[in-house]
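Asker: Would you mind keeping the following structure in view while I ask a few things?
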Amino acid sequence: MAVLTIDELVSNLLPGQAIGGLDLGTKTIGISVSDLGRRFATPRELIKRVKFGIDAEALLAMAAKEKIAAFVIGLPINMDGSEGPRAQATKAFVRNMAQKTDIPFVYWDERLSTVAAERVLIEMDVSRKKRADRIDSAAASFILQGALDRLTSLAKDATPDSAG
């Protein structure tokens with residue numbers, strides 16, 4: 001398993017492969033999955049964290065079921081650009097996953113993804129209780145959608161302009 005940049009991921013993906021988005025929390029792992037065209041991120045049921053081995057098994061079972069070719073995981077960078085304890089915990093999680101899978105991971109700056117996800121859920125008039133249950137997967141969708149948009153942009157830049 002490798003940690004790739006978003007630019008490196010472009011050349012490692014085959015057409016029709018899905019990507020998973022992850023929002024790693026202390027109590028849950030929010031999950032979203034792209035469609036096979038890699039245009040849209042859709043939230044999935046989150047994983048309640050127990051301990052690493054169990055969490056990893058659940059994540060890999062989901063990856064096999066959804067045919068995930070890569071994971072984009074939110075990296076919780078502080079607003080000043082520094083990495084705090086949560087960013088270090090995320091990197092440790094990815095290092096531990098490297099021993100269990102060949103699926104590559106891409107770090108994605110997740111600043112404000114949870115805030116954006118909560119705003120959308122509020123606009124949808126989702127109750128406070130239901131928001132708490134859905135926020136991590138909604139944040140994972142924001143993380144993944146940002147990466148999908150970047151992949152689309154990179155693919156367009158790589159395609160020769162036929163009108164030119």
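Lettering and numbering for the structure tokens are positional, with chains as A, B, ... in the shown order, residues counted from 1 in each chain, and ligands counted from 1 in the shown order.
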Which polymer residues have any atom within 12 Å of an atom of A:Asn12, counting only C-alpha atoms, with same-chain residues fewer than 4 positions away left out, as an mmCIF file with N, CA, C and O atoms, in the first residue's frame?

Answerer:
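Generated output (out.cif):
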data_model
loop_
_atom_site.group_PDB
_atom_site.id
_atom_site.type_symbol
_atom_site.label_atom_id
_atom_site.label_comp_id
_atom_site.auth_asym_id
_atom_site.auth_seq_id
_atom_site.Cartn_x
_atom_site.Cartn_y
_atom_site.Cartn_z
ATOM 1 N N ALA A 2 0.449 2.196 -0.729
ATOM 2 C CA ALA A 2 1.227 3.426 -0.832
ATOM 3 C C ALA A 2 0.358 4.612 -0.460
ATOM 4 O O ALA A 2 -0.864 4.562 -0.585
ATOM 5 N N VAL A 3 1.004 5.664 -0.028
ATOM 6 C CA VAL A 3 0.334 6.948 0.116
ATOM 7 C C VAL A 3 0.678 7.717 -1.150
ATOM 8 O O VAL A 3 1.846 7.887 -1.482
ATOM 9 N N LEU A 4 -0.350 8.128 -1.869
ATOM 10 C CA LEU A 4 -0.170 8.824 -3.138
ATOM 11 C C LEU A 4 -0.644 10.265 -3.021
ATOM 12 O O LEU A 4 -1.472 10.580 -2.169
ATOM 13 N N THR A 5 -0.163 11.101 -3.908
ATOM 14 C CA THR A 5 -0.751 12.431 -4.053
ATOM 15 C C THR A 5 -1.947 12.282 -4.985
ATOM 16 O O THR A 5 -2.080 11.269 -5.692
ATOM 17 N N ILE A 6 -2.789 13.283 -5.021
ATOM 18 C CA ILE A 6 -3.947 13.232 -5.918
ATOM 19 C C ILE A 6 -3.479 13.155 -7.372
ATOM 20 O O ILE A 6 -4.086 12.465 -8.185
ATOM 21 N N ASP A 7 -2.365 13.817 -7.698
ATOM 22 C CA ASP A 7 -1.825 13.775 -9.057
ATOM 23 C C ASP A 7 -1.357 12.357 -9.418
ATOM 24 O O ASP A 7 -1.552 11.901 -10.543
ATOM 25 N N GLU A 8 -0.732 11.666 -8.461
ATOM 26 C CA GLU A 8 -0.274 10.292 -8.705
ATOM 27 C C GLU A 8 -1.447 9.329 -8.827
ATOM 28 O O GLU A 8 -1.391 8.367 -9.592
ATOM 29 N N GLN A 17 -13.326 2.400 -11.866
ATOM 30 C CA GLN A 17 -12.985 2.031 -10.497
ATOM 31 C C GLN A 17 -13.530 3.084 -9.532
ATOM 32 O O GLN A 17 -13.389 4.280 -9.771
ATOM 33 N N ILE A 19 -13.803 5.066 -5.805
ATOM 34 C CA ILE A 19 -12.908 5.582 -4.773
ATOM 35 C C ILE A 19 -13.727 5.755 -3.497
ATOM 36 O O ILE A 19 -14.890 6.171 -3.558
ATOM 37 N N ALA A 69 -10.899 1.160 -5.262
ATOM 38 C CA ALA A 69 -9.538 1.111 -5.819
ATOM 39 C C ALA A 69 -8.571 1.994 -5.039
ATOM 40 O O ALA A 69 -7.355 1.794 -5.109
ATOM 41 N N ALA A 70 -9.093 2.973 -4.294
ATOM 42 C CA ALA A 70 -8.255 3.886 -3.511
ATOM 43 C C ALA A 70 -9.132 4.563 -2.472
ATOM 44 O O ALA A 70 -10.351 4.650 -2.634
ATOM 45 N N ILE A 103 -4.475 -1.262 -1.024
ATOM 46 C CA ILE A 103 -5.266 -0.138 -1.507
ATOM 47 C C ILE A 103 -4.534 1.167 -1.148
ATOM 48 O O ILE A 103 -4.210 1.382 0.017
ATOM 49 N N PRO A 104 -4.258 2.007 -2.133
ATOM 50 C CA PRO A 104 -3.552 3.266 -1.825
ATOM 51 C C PRO A 104 -4.457 4.270 -1.113
ATOM 52 O O PRO A 104 -5.680 4.250 -1.272
ATOM 53 N N PHE A 105 -3.824 5.133 -0.341
ATOM 54 C CA PHE A 105 -4.503 6.218 0.366
ATOM 55 C C PHE A 105 -3.976 7.548 -0.157
ATOM 56 O O PHE A 105 -2.798 7.671 -0.471
ATOM 57 N N VAL A 106 -4.868 8.529 -0.216
ATOM 58 C CA VAL A 106 -4.510 9.899 -0.576
ATOM 59 C C VAL A 106 -4.994 10.777 0.575
ATOM 60 O O VAL A 106 -6.152 10.684 0.984
ATOM 61 N N LEU A 151 -9.734 15.369 -9.464
ATOM 62 C CA LEU A 151 -9.395 14.330 -10.450
ATOM 63 C C LEU A 151 -9.970 14.675 -11.822
ATOM 64 O O LEU A 151 -9.302 14.491 -12.840
#

Asker: Just give me the gap between atom CA of A:Ala139 and atom CA of A:Glu45 in Å, one decimal is fine.

Answerer: 12.3 Å

Asker: I'd like to know which of A:Val10, A:Tyr107, A:Leu60, A:Gly20 is closest to A:Lys156, using only C-alpha atoms.

Answerer: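 Residue with the minimum atom-to-atom distance to A:Lys156: A:Val10.
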
Asker: List every residue of stretch 8-157 of chain A that DSSP, applied to the backbone of this structure, places in strand (DSSP E or B), and write the result as a PyMOL selection string.

Answerer: chain A and resi 18-24+28-34+41-48+68-75+77+83+105-109

Asker: Please identify which residues in stretch 13-65 of chain A DSSP calls alpha helix (DSSP H) from the backbone, and express them as a list of chain:residue names.

Answerer: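 Filtering stretch 13-65 of chain A down to alpha helix (DSSP H) leaves A:Phe52, A:Gly53, A:Ile54, A:Asp55, A:Ala56, A:Glu57, A:Ala58, A:Leu59, A:Leu60, A:Ala61, A:Met62, A:Ala63, A:Ala64, A:Lys65.
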
Asker: Find the residues around A:Ala140 up to 8 Å (only C-alpha atoms counted), leave out those fewer than 4 positions away in its own chain, and share them as a PyMOL selection string.

Answerer: chain A and resi 21-23+30-32+43+73-74+113+136+144

Asker: Could you please take those selected residues and save N, CA and C atoms as a compact mmCIF listing (two decimals), in the first residue's frame?

Answerer:
# COMPACT_ATOMS: atom_id res chain seq x y z
N GLY A 21 -14.14 7.60 0.28
CA GLY A 21 -13.76 8.77 1.07
C GLY A 21 -13.92 8.44 2.54
N LEU A 22 -12.96 8.87 3.36
CA LEU A 22 -13.00 8.57 4.79
C LEU A 22 -12.84 9.82 5.63
N ASP A 23 -13.67 9.92 6.66
CA ASP A 23 -13.52 10.95 7.68
C ASP A 23 -13.28 10.21 8.99
N GLY A 30 -16.43 7.96 9.12
CA GLY A 30 -17.40 8.33 8.11
C GLY A 30 -16.92 7.82 6.76
N ILE A 31 -17.86 7.32 5.97
CA ILE A 31 -17.51 6.71 4.69
C ILE A 31 -18.39 7.26 3.58
N SER A 32 -17.79 7.48 2.43
CA SER A 32 -18.54 7.77 1.22
C SER A 32 -17.87 7.02 0.07
N PRO A 43 -22.72 9.22 0.59
CA PRO A 43 -22.44 8.74 1.94
C PRO A 43 -22.87 7.28 2.10
N ILE A 73 -8.56 10.08 2.34
CA ILE A 73 -8.82 10.24 3.77
C ILE A 73 -8.56 11.68 4.18
N GLY A 74 -9.52 12.22 4.90
CA GLY A 74 -9.39 13.60 5.36
C GLY A 74 -8.24 13.75 6.34
N SER A 113 -14.61 20.72 6.33
CA SER A 113 -15.54 19.75 5.72
C SER A 113 -16.69 19.41 6.65
N ASP A 136 -20.44 12.42 10.12
CA ASP A 136 -19.14 11.90 9.67
C ASP A 136 -19.20 11.39 8.24
N LEU A 144 -14.42 13.46 -0.23
CA LEU A 144 -14.32 12.71 -1.48
C LEU A 144 -14.74 13.56 -2.68

Asker: If you count only C-alpha atoms, which residues fall within 7 Å of A:Ala18, apart from same-chain ones fewer than 6 positions away, as a list in words?

Answerer: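 Result of the neighbour search: Val33, Ser34, Asp35, Leu36, Arg38, Lys67, Ile68 and Ala69 of chain A.
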
Asker: With N, CA, C and O atoms retained, could you export that selection as a PDB file, in the first residue's frame?

Answerer:
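And here's selection_31.pdb as it stands now:
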ATOM      1  N   VAL A  33     -18.617   6.793  -0.979  1.00  0.00           N
ATOM      2  CA  VAL A  33     -18.112   6.038  -2.128  1.00  0.00           C
ATOM      3  C   VAL A  33     -18.492   6.779  -3.405  1.00  0.00           C
ATOM      4  O   VAL A  33     -19.598   7.308  -3.521  1.00  0.00           O
ATOM      5  N   SER A  34     -17.559   6.791  -4.350  1.00  0.00           N
ATOM      6  CA  SER A  34     -17.849   7.425  -5.640  1.00  0.00           C
ATOM      7  C   SER A  34     -18.630   6.460  -6.519  1.00  0.00           C
ATOM      8  O   SER A  34     -18.596   5.245  -6.323  1.00  0.00           O
ATOM      9  N   ASP A  35     -19.302   7.024  -7.505  1.00  0.00           N
ATOM     10  CA  ASP A  35     -19.881   6.193  -8.560  1.00  0.00           C
ATOM     11  C   ASP A  35     -18.728   5.721  -9.446  1.00  0.00           C
ATOM     12  O   ASP A  35     -17.589   6.192  -9.294  1.00  0.00           O
ATOM     13  N   LEU A  36     -18.978   4.793 -10.352  1.00  0.00           N
ATOM     14  CA  LEU A  36     -17.908   4.242 -11.185  1.00  0.00           C
ATOM     15  C   LEU A  36     -17.338   5.268 -12.167  1.00  0.00           C
ATOM     16  O   LEU A  36     -16.209   5.129 -12.624  1.00  0.00           O
ATOM     17  N   ARG A  38     -16.764   8.251 -11.248  1.00  0.00           N
ATOM     18  CA  ARG A  38     -16.032   9.143 -10.333  1.00  0.00           C
ATOM     19  C   ARG A  38     -16.479  10.601 -10.456  1.00  0.00           C
ATOM     20  O   ARG A  38     -15.677  11.515 -10.494  1.00  0.00           O
ATOM     21  N   LYS A  67     -15.847  -2.490  -4.223  1.00  0.00           N
ATOM     22  CA  LYS A  67     -14.766  -2.542  -5.216  1.00  0.00           C
ATOM     23  C   LYS A  67     -13.969  -1.224  -5.240  1.00  0.00           C
ATOM     24  O   LYS A  67     -13.747  -0.619  -6.293  1.00  0.00           O
ATOM     25  N   ILE A  68     -13.505  -0.827  -4.065  1.00  0.00           N
ATOM     26  CA  ILE A  68     -12.770   0.423  -3.896  1.00  0.00           C
ATOM     27  C   ILE A  68     -11.335   0.254  -4.400  1.00  0.00           C
ATOM     28  O   ILE A  68     -10.636  -0.667  -3.993  1.00  0.00           O
ATOM     29  N   ALA A  69     -10.899   1.160  -5.262  1.00  0.00           N
ATOM     30  CA  ALA A  69      -9.538   1.111  -5.819  1.00  0.00           C
ATOM     31  C   ALA A  69      -8.571   1.994  -5.039  1.00  0.00           C
ATOM     32  O   ALA A  69      -7.355   1.794  -5.109  1.00  0.00           O
TER      33      ALA A  69
END
